[in-house]
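Listing of final14.cif; format and content: mmCIF, C-alpha atoms.
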data_protein
#
loop_
_atom_site.label_atom_id
_atom_site.label_comp_id
_atom_site.auth_asym_id
_atom_site.auth_seq_id
_atom_site.Cartn_x
_atom_site.Cartn_y
_atom_site.Cartn_z
CA MET A 33 83.15 96.90 106.69
CA ALA A 34 86.36 97.19 108.71
CA VAL A 35 84.61 96.04 111.90
CA MET A 36 83.18 92.99 110.14
CA ILE A 37 86.55 92.01 108.68
CA GLU A 38 88.03 92.20 112.17
CA GLN A 39 85.23 89.95 113.40
CA LEU A 40 85.82 87.52 110.54
CA GLY A 41 89.58 87.37 111.09
CA PRO A 42 90.73 86.13 107.65
CA ALA A 43 94.32 84.88 107.53
CA PRO A 44 96.82 84.05 104.78
CA GLY A 45 95.89 80.82 103.04
CA ASP A 46 92.20 80.94 104.03
CA ARG A 47 89.41 79.80 101.74
CA VAL A 48 86.78 82.54 102.04
CA LEU A 49 83.18 82.62 100.82
CA GLU A 50 81.37 85.96 100.60
CA VAL A 51 77.58 86.02 100.20
CA GLY A 52 76.63 89.30 98.50
CA ALA A 53 79.15 90.62 95.97
CA GLY A 54 78.30 94.32 96.10
CA THR A 55 80.89 96.35 94.19
CA GLY A 56 83.59 93.73 94.72
CA TYR A 57 85.51 96.00 97.11
CA ASN A 58 85.05 93.81 100.17
CA ALA A 59 86.06 90.72 98.18
CA ALA A 60 89.25 92.52 97.11
CA ILE A 61 90.14 93.20 100.75
CA LEU A 62 89.45 89.57 101.63
CA ALA A 63 91.68 88.44 98.75
CA PHE A 64 94.50 90.68 99.97
CA LEU A 65 94.24 89.25 103.48
CA ALA A 66 93.97 85.64 102.29
CA GLY A 67 97.04 86.13 100.10
CA ASP A 68 98.26 84.23 97.07
CA GLU A 69 97.80 80.89 98.84
CA GLY A 70 94.20 81.64 99.72
CA ALA A 71 91.03 81.69 97.65
CA VAL A 72 87.99 83.97 97.67
CA VAL A 73 84.64 83.33 96.01
CA THR A 74 81.78 85.85 96.14
CA VAL A 75 78.24 84.99 95.08
CA ASP A 76 75.26 87.17 94.26
CA LEU A 77 71.75 86.54 92.98
CA ASP A 78 71.79 89.63 90.74
CA GLU A 79 73.66 89.00 87.46
CA GLU A 80 74.13 92.75 86.88
CA ILE A 81 75.85 93.10 90.26
CA VAL A 82 78.02 90.10 89.43
CA ARG A 83 79.03 91.63 86.09
CA GLU A 84 79.94 94.96 87.69
CA ALA A 85 81.88 93.30 90.52
CA ARG A 86 83.91 91.32 87.99
CA GLU A 87 84.71 94.49 86.04
CA HIS A 88 85.76 96.36 89.19
CA LEU A 89 88.01 93.52 90.36
CA HIS A 90 89.56 93.19 86.91
CA ARG A 91 90.33 96.92 86.70
CA ALA A 92 91.84 96.78 90.20
CA GLY A 93 94.09 93.89 89.17
CA VAL A 94 92.59 91.47 91.69
CA ALA A 95 92.78 88.06 90.02
CA GLN A 96 92.23 85.67 92.93
CA VAL A 97 88.48 86.32 93.38
CA ASP A 98 85.89 84.13 91.69
CA VAL A 99 82.58 86.01 91.19
CA VAL A 100 79.59 83.69 90.72
CA ALA A 101 75.95 84.41 89.87
CA ALA A 102 74.01 82.16 92.26
CA ASP A 103 71.66 82.17 95.22
CA GLY A 104 73.92 82.82 98.20
CA TRP A 105 71.54 80.96 100.52
CA ALA A 106 72.93 77.74 99.02
CA GLY A 107 76.48 78.81 99.76
CA MET A 108 79.15 77.40 97.44
CA ALA A 109 79.89 73.69 97.62
CA ALA A 110 82.86 74.05 95.29
CA GLY A 111 85.92 74.75 97.41
CA ALA A 112 84.22 73.75 100.67
CA PRO A 113 84.90 73.44 103.49
CA HIS A 114 85.53 77.18 103.77
CA ASP A 115 87.67 78.66 106.52
CA ARG A 116 85.63 81.85 106.62
CA ILE A 117 82.12 82.71 105.39
CA GLU A 118 81.03 86.34 105.41
CA VAL A 119 77.41 87.25 104.66
CA THR A 120 77.00 90.87 103.59
CA VAL A 121 73.19 91.00 103.45
CA GLY A 122 70.74 91.06 106.34
CA VAL A 123 69.15 87.68 107.06
CA SER A 124 66.44 86.51 109.41
CA ASP A 125 67.84 82.98 109.70
CA LEU A 126 71.02 80.98 109.13
CA SER A 127 71.26 78.82 106.03
CA PRO A 128 72.13 75.20 106.88
CA HIS A 129 74.34 75.22 103.76
CA TRP A 130 76.62 77.83 105.32
CA VAL A 131 77.07 75.69 108.40
CA ASP A 132 77.64 72.50 106.40
CA GLN A 133 80.25 74.21 104.20
CA LEU A 134 82.20 75.71 107.13
CA ARG A 135 85.22 73.83 108.42
CA GLU A 136 85.60 72.86 112.05
CA GLY A 137 86.83 75.96 113.90
CA GLY A 138 85.90 78.19 110.98
CA VAL A 139 84.03 81.49 111.35
CA LEU A 140 80.61 82.38 109.95
CA LEU A 141 79.83 86.12 110.05
CA VAL A 142 76.19 87.10 109.59
CA PRO A 143 74.20 90.38 109.82
CA LEU A 144 71.25 88.87 111.67
CA TRP A 145 67.82 90.54 111.69
CA LEU A 146 66.82 90.22 115.36
CA ARG A 147 63.71 92.41 115.48
CA GLY A 148 62.28 95.33 113.57
CA GLY A 149 65.01 97.98 113.26
CA LEU A 150 67.59 95.85 115.01
CA GLN A 151 70.38 94.03 113.20
CA ALA A 152 73.61 92.69 114.64
CA SER A 153 76.75 91.44 112.94
CA ILE A 154 77.40 88.17 114.77
CA ALA A 155 80.52 86.02 114.38
CA PHE A 156 79.96 82.31 114.98
CA ARG A 157 82.72 79.71 115.38
CA ARG A 158 81.89 76.15 114.39
CA GLU A 159 82.45 73.68 117.21
CA GLY A 160 81.33 70.27 116.01
CA GLN A 161 77.62 70.52 115.24
CA ARG A 162 77.28 73.72 117.26
CA LEU A 163 77.88 77.37 116.48
CA ARG A 164 79.24 79.53 119.29
CA SER A 165 79.05 83.32 118.98
CA THR A 166 82.37 85.07 119.52
CA SER A 167 81.48 88.72 118.88
CA VAL A 168 78.44 90.93 118.32
CA GLU A 169 78.49 94.38 116.69
CA PRO A 170 75.66 96.70 115.57
CA CYS A 171 75.07 96.94 111.83
CA GLY A 172 72.51 97.72 109.15
CA PHE A 173 72.23 95.92 105.82
CA MET A 174 69.85 95.55 102.92
CA ARG A 175 67.89 92.33 103.26
CA LEU A 176 68.65 89.06 101.51
CA ARG A 177 66.71 88.61 98.27
CA GLY A 178 65.23 85.46 96.81
CA ALA A 179 63.12 82.62 98.14
CA HIS A 180 64.71 82.73 101.60
CA ALA A 181 64.55 86.50 102.12
CA GLY A 182 62.18 86.20 105.08
CA PRO A 183 59.38 88.64 105.92
CA GLU A 184 59.79 92.20 104.68
CA GLY A 185 60.79 94.60 107.41
CA TYR A 186 61.23 97.89 105.53
CA LEU A 187 58.74 100.48 104.39
CA THR A 188 59.49 103.75 102.57
CA VAL A 189 57.06 106.54 103.40
CA ASN A 190 57.21 110.36 103.35
CA GLY A 191 60.97 110.62 102.97
CA TRP A 192 61.71 108.02 105.63
CA CYS A 193 62.70 104.38 105.51
CA ALA A 194 60.83 102.71 108.36
CA SER A 195 62.18 99.50 109.84
CA LEU A 196 59.65 97.69 111.97
CA GLU A 197 58.44 94.23 112.90
CA GLU A 198 55.18 94.30 110.95
CA VAL A 199 54.89 96.38 107.78
CA SER A 200 51.59 95.12 106.38
CA ALA A 201 48.81 97.73 106.48
CA ALA A 202 51.18 100.20 108.18
CA ALA A 203 51.97 102.50 105.24
CA ALA A 204 48.81 104.61 105.21
CA THR A 205 48.72 105.17 108.97
CA LEU A 206 52.43 105.89 109.26
CA GLY A 207 52.36 108.21 106.26
CA ASP A 208 49.45 110.16 107.75
CA LEU A 209 51.23 110.55 111.08
CA LEU A 210 54.50 111.73 109.53
CA ARG A 211 52.63 114.45 107.61
CA ARG A 212 51.42 115.97 110.87
CA THR A 213 53.24 118.56 112.95
CA PRO A 214 54.57 116.72 115.98
CA ARG A 215 54.47 117.79 119.60
CA ALA A 216 58.00 118.20 120.90
CA VAL A 217 59.21 117.66 124.44
CA PRO A 218 62.71 117.13 125.87
CA ALA A 219 63.83 113.52 125.50
CA PRO A 220 64.53 111.58 128.72
CA ASP A 221 68.08 110.69 129.66
CA LEU A 222 68.42 107.39 127.80
CA PRO A 223 71.27 104.94 128.40
CA ARG A 224 73.59 103.82 125.63
CA GLY A 225 72.03 101.05 123.59
CA TRP A 226 68.51 101.87 124.74
CA PHE A 227 66.95 101.03 121.37
CA THR A 228 68.44 97.52 121.42
CA ARG A 229 66.56 96.76 124.60
CA LEU A 230 63.42 98.47 123.33
CA ALA A 231 63.45 96.51 120.06
CA LEU A 232 63.95 93.19 121.85
CA GLU A 233 61.16 93.82 124.37
CA GLU A 234 58.63 95.92 122.46
CA PRO A 235 56.99 94.55 119.26
CA ALA A 236 55.90 98.08 118.29
CA ALA A 237 59.48 99.41 118.15
CA ILE A 238 60.36 101.37 115.01
CA MET A 239 63.51 102.85 113.46
CA LEU A 240 63.20 105.70 110.94
CA SER A 241 66.13 106.53 108.65
CA GLY A 242 66.15 109.54 106.37
CA VAL A 243 65.96 109.07 102.59
CA PRO A 244 68.40 109.80 101.06
CA ASP A 245 70.20 111.16 104.17
CA TRP A 246 70.66 107.85 106.01
CA ARG A 247 72.69 109.55 108.72
CA ARG A 248 69.54 111.06 110.21
CA ALA A 249 67.69 108.51 112.31
CA MET A 250 64.86 108.52 114.82
CA ALA A 251 63.67 105.59 116.91
CA GLY A 252 60.75 104.86 119.19
CA ILE A 253 57.32 103.23 119.14
CA PHE A 254 54.65 103.09 116.44
CA ASP A 255 51.18 101.91 117.46
CA ALA A 256 49.14 101.54 114.27
CA ALA A 257 45.99 100.50 116.13
CA THR A 258 45.81 103.83 117.99
CA SER A 259 47.46 105.98 115.26
CA SER A 260 50.27 106.94 117.60
CA LEU A 261 53.97 107.47 116.93
CA ALA A 262 56.60 108.65 119.41
CA VAL A 263 60.28 108.86 118.48
CA VAL A 264 63.51 110.23 119.91
CA ASP A 265 65.22 112.72 117.61
CA GLY A 266 68.50 113.70 119.24
CA GLN A 267 67.63 115.48 122.48
CA THR A 268 63.96 115.79 121.57
CA MET A 269 60.98 113.46 121.86
CA LEU A 270 58.49 113.87 119.01
CA SER A 271 54.89 112.69 119.35
CA PHE A 272 52.62 112.27 116.33
CA GLY A 273 48.92 111.49 116.68
CA GLY A 274 47.69 110.01 119.95
CA ASP A 275 49.67 109.78 123.17
CA GLU A 276 49.62 106.00 123.52
CA ALA A 277 53.11 105.50 122.05
CA LEU A 278 54.48 108.44 124.04
CA VAL A 279 53.35 106.83 127.28
#

As a first step, turn the structure in this file into structure tokens.
Amino acid sequence: MAVMIEQLGPAPGDRVLEVGAGTGYNAAILAFLAGDEGAVVTVDLDEEIVREAREHLHRAGVAQVDVVAADGWAGMAAGAPHDRIEVTVGVSDLSPHWVDQLREGGVLLVPLWLRGGLQASIAFRREGQRLRSTSVEPCGFMRLRGAHAGPEGYLTVNGWCASLEEVSAAAATLGDLLRRTPRAVPAPDLPRGWFTRLALEEPAAIMLSGVPDWRRAMAGIFDAATSSLAVVDGQTMLSFGGDEALV
């Protein structure tokens, strides 16, 4: 959250739109940074989330945030053009409404789903009809909901949340593999950011996050056609099923 706010760069007097209300905490920080002369509106598709965010902001004494129940894909025409737009849900594309409602020189910050298991928080500055990226940071967010959510990229199986490019027909095979005892070998010396390159170049890349312990993560390759899974777990390479993914 702190990294994304630094990327966004809100300043006193800014008009800020947040897509994805959450608990209201991030909107409260944005309101503090925008100051009394600024304005913050946060939108969410879920009316229960909107109600809870309003209650939290009220109890915290934050009055300058407008919480609206709406589809964030459409942005918020009221109050546009916005100086800053922060999207706090993972998306597979940019809404044209966000671009249209952003002022010239304004910043749009989006957690963009690049490939299975790979998201990046990207700050774009509007320059005429173009968007120019100004910073890129790793991130991980729940996906956008609604008509523009994009293809599903998550699958929960055997105590793991799997993030991969193609989830259809993968559950049974992946579940079977994760129930097996893996073969363990020392992991190779991998450079920093190795999974980013793997995910961009290899359609079979997979990221496994523990449920509910999200801090534990393994990443590698899942080949459903050959029932093969190979992942790096710390200093160890684990191979489930055939050796195709390990190779």

Report, in Å to a single decimal, how far apart CA of Gln39 (chain A) and CA of Ser165 (chain A) are.
10.6 Å

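For the set A:Val123, A:Glu50, A:Gly45, A:Ile81, the residue with the smallest atom-to-atom gap to Leu65 (chain A) is A:Gly45, counting all atoms listed in the file.
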
Applied to the shown file, which residues does the PyMOL selection byres ((chain A and resi 104) around 7) return, written as a PDB file with C-alpha atoms, in the coordinates of the input?
ATOM      1  CA  VAL A  51      77.580  86.020 100.200  1.00  0.00           C
ATOM      2  CA  VAL A  75      78.240  84.990  95.080  1.00  0.00           C
ATOM      3  CA  ASP A  76      75.260  87.170  94.260  1.00  0.00           C
ATOM      4  CA  LEU A  77      71.750  86.540  92.980  1.00  0.00           C
ATOM      5  CA  ALA A 102      74.010  82.160  92.260  1.00  0.00           C
ATOM      6  CA  ASP A 103      71.660  82.170  95.220  1.00  0.00           C
ATOM      7  CA  TRP A 105      71.540  80.960 100.520  1.00  0.00           C
ATOM      8  CA  ALA A 106      72.930  77.740  99.020  1.00  0.00           C
ATOM      9  CA  GLY A 107      76.480  78.810  99.760  1.00  0.00           C
TER      10      GLY A 107
END

One number please: CA of Glu234 (chain A) to CA of Gly122 (chain A), in Å, one decimal.
20.7 Å

Counting only C-alpha atoms, which residue out of A:Ser200, A:Ser124, A:Thr188, A:Ser271 sits closest to Gly252 (chain A)?
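Answer, going by the shortest atom-to-atom distance: A:Ser271.
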
Write region 232-252 of chain A as a JSON list (two decimals), in the frame of the given file, completed to N, CA and C atoms.
[["chain", "number", "residue", "atom", "x", "y", "z"],
["A", 232, "LEU", "N", 64.05, 94.58, 121.42],
["A", 232, "LEU", "CA", 63.95, 93.19, 121.85],
["A", 232, "LEU", "C", 62.72, 92.95, 122.73],
["A", 233, "GLU", "N", 62.27, 93.99, 123.42],
["A", 233, "GLU", "CA", 61.16, 93.82, 124.37],
["A", 233, "GLU", "C", 59.83, 94.34, 123.87],
["A", 234, "GLU", "N", 59.85, 95.25, 122.87],
["A", 234, "GLU", "CA", 58.63, 95.92, 122.46],
["A", 234, "GLU", "C", 58.33, 95.64, 120.98],
["A", 235, "PRO", "N", 57.30, 94.86, 120.66],
["A", 235, "PRO", "CA", 56.99, 94.55, 119.26],
["A", 235, "PRO", "C", 56.68, 95.78, 118.41],
["A", 236, "ALA", "N", 56.26, 96.88, 119.03],
["A", 236, "ALA", "CA", 55.90, 98.08, 118.29],
["A", 236, "ALA", "C", 57.09, 99.01, 118.05],
["A", 237, "ALA", "N", 58.30, 98.57, 118.35],
["A", 237, "ALA", "CA", 59.48, 99.41, 118.15],
["A", 237, "ALA", "C", 59.67, 99.73, 116.67],
["A", 238, "ILE", "N", 60.16, 100.94, 116.39],
["A", 238, "ILE", "CA", 60.36, 101.37, 115.01],
["A", 238, "ILE", "C", 61.64, 102.19, 114.92],
["A", 239, "MET", "N", 62.34, 102.04, 113.77],
["A", 239, "MET", "CA", 63.51, 102.85, 113.46],
["A", 239, "MET", "C", 63.23, 103.57, 112.15],
["A", 240, "LEU", "N", 63.41, 104.89, 112.13],
["A", 240, "LEU", "CA", 63.20, 105.70, 110.94],
["A", 240, "LEU", "C", 64.54, 106.27, 110.48],
["A", 241, "SER", "N", 64.90, 106.00, 109.23],
["A", 241, "SER", "CA", 66.13, 106.53, 108.65],
["A", 241, "SER", "C", 65.77, 107.45, 107.49],
["A", 242, "GLY", "N", 66.45, 108.58, 107.41],
["A", 242, "GLY", "CA", 66.15, 109.54, 106.37],
["A", 242, "GLY", "C", 66.48, 109.02, 104.98],
["A", 243, "VAL", "N", 65.70, 109.42, 103.99],
["A", 243, "VAL", "CA", 65.96, 109.07, 102.59],
["A", 243, "VAL", "C", 66.07, 110.37, 101.79],
["A", 244, "PRO", "N", 67.23, 110.67, 101.17],
["A", 244, "PRO", "CA", 68.40, 109.80, 101.06],
["A", 244, "PRO", "C", 69.44, 110.01, 102.17],
["A", 245, "ASP", "N", 69.22, 110.89, 103.12],
["A", 245, "ASP", "CA", 70.20, 111.16, 104.17],
["A", 245, "ASP", "C", 70.07, 110.10, 105.27],
["A", 246, "TRP", "N", 70.78, 108.98, 105.09],
["A", 246, "TRP", "CA", 70.66, 107.85, 106.01],
["A", 246, "TRP", "C", 71.28, 108.16, 107.37],
["A", 247, "ARG", "N", 72.05, 109.24, 107.44],
["A", 247, "ARG", "CA", 72.69, 109.55, 108.72],
["A", 247, "ARG", "C", 71.70, 110.06, 109.74],
["A", 248, "ARG", "N", 70.55, 110.60, 109.27],
["A", 248, "ARG", "CA", 69.54, 111.06, 110.21],
["A", 248, "ARG", "C", 68.65, 109.88, 110.59],
["A", 249, "ALA", "N", 68.50, 109.64, 111.87],
["A", 249, "ALA", "CA", 67.69, 108.51, 112.31],
["A", 249, "ALA", "C", 66.91, 108.88, 113.55],
["A", 250, "MET", "N", 65.71, 108.36, 113.65],
["A", 250, "MET", "CA", 64.86, 108.52, 114.82],
["A", 250, "MET", "C", 64.35, 107.13, 115.19],
["A", 251, "ALA", "N", 64.14, 106.90, 116.47],
["A", 251, "ALA", "CA", 63.67, 105.59, 116.91],
["A", 251, "ALA", "C", 62.68, 105.74, 118.05],
["A", 252, "GLY", "N", 61.75, 104.82, 118.13],
["A", 252, "GLY", "CA", 60.75, 104.86, 119.19],
["A", 252, "GLY", "C", 59.71, 103.79, 119.02]]
